[in-house]
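Asks: I have a structure here, written as structure tokens, and I will follow up with some questions on it.
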Amino acid sequence: MTLIAHISDLHISKSEFDEGILMDAITEINNLEPDMIILTGDITNNGYLVEFEQAKKYLEMFEAPLFAIPGNHDSRNIGYQTFEEIIGERSWKLTMDEEFTVIGLDSSSPDESRGHIGNPQHMWLEHQLDECVINENFTIVALHHHVVPIPQTGRERNVLSDAGDILKTLTTHEVDLVLSGHKHVSNIWKINDTLIVNAGSLCSTKLRGRNKNSYNVYNITDTEIEIFLNEVNGEKFLFGKYPRNEL
């Protein structure tokens with residue numbers, strides 16, 4: 001069994017996040033003892049160095065290995081450079097036990113809200129997914145921007161500009177999980193054999209309606225994927241349960 005915590009959209013800054021909520025979330029997630037934490041962007045609100053330095057102190061409080069990719073807010077004010085200096089590579093590949101692969105993509109563009117993968121990164125992604133298919137790996141792809149519109153988030157403006165091409169690559173390679181953030185709303189779509197899961201905001205004050213700060217938890221066994229939605233200091237419930245793709 002593999003347990004993954006999926007967090008997103010912290011928006012760490014002077015005014016756009018709740019430090020108390022973040023500290024409570026860190027305690028909750030540490031108590032879960034996940035195998036890894038995947039952070040799908042917008043760690044900061046403005047991409048400033050001081051925000052990244054503040055964020056790093058918080059992220060170091062998580063006890064499980066944490067893997068992050070940038071969001072559009074992180075790439076503001078040359079934050080895409082600061083991200084690499086403070087957090088790490090903006091796109092990456094992780095393989096566990098030669099049978100479990102996580103790929104992180106940078107969907108951000110400097111000083112723009114829209115998402116874009118681009119041809120070079122898309123070609124790299126296809127090559128990595130080809131290997132996953134050959135090796136019959138369980139595969140997760142993480143990126144900040146959503147590839148499919150999310151309900152109850154208002155007018156659609158910031159889906160990936162090359163979403164169609166990326167979605168085709170993800171589904172034809174039968175990627176098991178696609179993890180995103182950006183819209184601050186939790187959601188699950190199932191397209192062919194691919195689960196596309198959006199996380200809410202972990203600790204930002206920028207919430208729609210009565211949505212609460214939350215994070216997702218994935219319990220992956222040999223036969224099924226359980227997705228839990230955990231509200232920080234609130235309700236925790238089974239969000240979805242799906243059979244694993246056949247090898």
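Labels for the structure tokens follow display order: chains A, B, ..., residues from 1 in each chain, ligands from 1.
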I want to know what sits within 12 Å of Phe67 in chain A, based on only C-alpha atoms, with residues of the same chain fewer than 3 positions away left out; could you give that as a VMD selection string?

Replies: chain A and resid 4 to 8 35 to 41 43 59 to 60 62 64 70 87 to 94 102 to 105 141 to 143

Asks: Could you name the residues that touch Asn198 in chain A at 6 Å or less, counting only C-alpha atoms, but leaving out those on the same chain fewer than 3 positions away, as JSON, numbers by chain?

Replies: {"A": [179, 180, 181, 186, 187]}

Asks: Just N, CA and C atoms for this one: save the residues we selected as a compact mmCIF listing (two decimals), in the first residue's frame.

Replies:
```txt
# COMPACT_ATOMS: atom_id res chain seq x y z
N LEU A 179 -2.70 14.89 -11.08
CA LEU A 179 -2.97 15.73 -9.91
C LEU A 179 -2.73 17.20 -10.25
N SER A 180 -3.69 18.04 -9.90
CA SER A 180 -3.59 19.47 -10.18
C SER A 180 -4.12 20.29 -9.01
N GLY A 181 -3.93 21.60 -9.11
CA GLY A 181 -4.46 22.54 -8.13
C GLY A 181 -5.09 23.71 -8.86
N SER A 186 -11.87 21.19 -4.97
CA SER A 186 -11.60 19.75 -5.13
C SER A 186 -12.54 19.15 -6.17
N ASN A 187 -12.02 18.23 -6.96
CA ASN A 187 -12.86 17.61 -7.99
C ASN A 187 -12.18 16.35 -8.51
```

Asks: Pick the closest to Asp42 in chain A from A:Thr27, A:Asn119, A:Thr171, A:Ser204: which is it, counting only C-alpha atoms?

Replies: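 Of A:Thr27, A:Asn119, A:Thr171, A:Ser204, the one nearest Asp42 in chain A is A:Ser204, counting only C-alpha atoms.
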
Asks: Using only C-alpha atoms, what does the table of range 78-146 of chain A residues within 6 Å of range 159-170 of chain A look like, with each row giving the shortest atom pair and its distance in Å to one decimal, sorted by chain and ascending number, as CSV?

Replies:
```
residue,atom,partner,partner_atom,distance
A:Gly115,CA,A:Leu160,CA,4.4
A:His116,CA,A:Leu160,CA,5.2
A:His146,CA,A:Val159,CA,5.6
```

Asks: Using the chain letters and numbers from this document, which residues of range 22-204 of chain A does DSSP assign to alpha helix (DSSP H), as a PyMOL selection string?

Replies: chain A and resi 22-32+49-59+79-86+119-135+163-172

Asks: Hey, which of A:Asn213, A:Ser109, A:Asn245, A:Asn135 ends up closest to Thr95 in chain A? Count only C-alpha atoms.

Replies: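 Nearest to Thr95 in chain A: A:Asn135.
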
Asks: Got a sec: who's within 8 Å of Val133 in chain A, counting only C-alpha atoms, leaving out chain neighbours fewer than 4 positions off, as a compact mmCIF listing (two decimals) with all heavy atoms, in the first residue's frame?

Replies:
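The file below, result_21.txt, is the result:
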```
# COMPACT_ATOMS: atom_id res chain seq x y z
N LEU A 129 6.57 8.65 -20.30
CA LEU A 129 5.37 7.81 -20.22
C LEU A 129 5.50 6.56 -21.09
O LEU A 129 4.95 5.51 -20.74
CB LEU A 129 4.13 8.61 -20.63
CG LEU A 129 3.74 9.74 -19.67
CD1 LEU A 129 2.50 10.47 -20.19
CD2 LEU A 129 3.48 9.22 -18.26
N ASN A 137 4.45 0.47 -15.15
CA ASN A 137 4.49 1.20 -13.88
C ASN A 137 3.15 1.86 -13.57
O ASN A 137 2.45 2.32 -14.48
CB ASN A 137 5.55 2.31 -13.93
CG ASN A 137 6.96 1.76 -13.80
OD1 ASN A 137 7.17 0.55 -13.92
ND2 ASN A 137 7.92 2.63 -13.57
N HIS A 173 -1.67 7.03 -22.78
CA HIS A 173 -0.66 6.29 -22.03
C HIS A 173 -1.24 5.69 -20.74
O HIS A 173 -0.50 5.12 -19.94
CB HIS A 173 0.52 7.19 -21.68
CG HIS A 173 1.40 7.50 -22.85
ND1 HIS A 173 1.10 8.47 -23.79
CD2 HIS A 173 2.59 6.97 -23.25
CE1 HIS A 173 2.06 8.53 -24.70
NE2 HIS A 173 2.97 7.61 -24.40
```

Asks: Set the distance at 8 Å and use only C-alpha atoms: which residues neighbour Asn230 in chain A once local chain neighbours fewer than 2 positions away are removed? I'd like the list as a ChimeraX atom specification.

Replies: /A:214-217,228,232,234-237
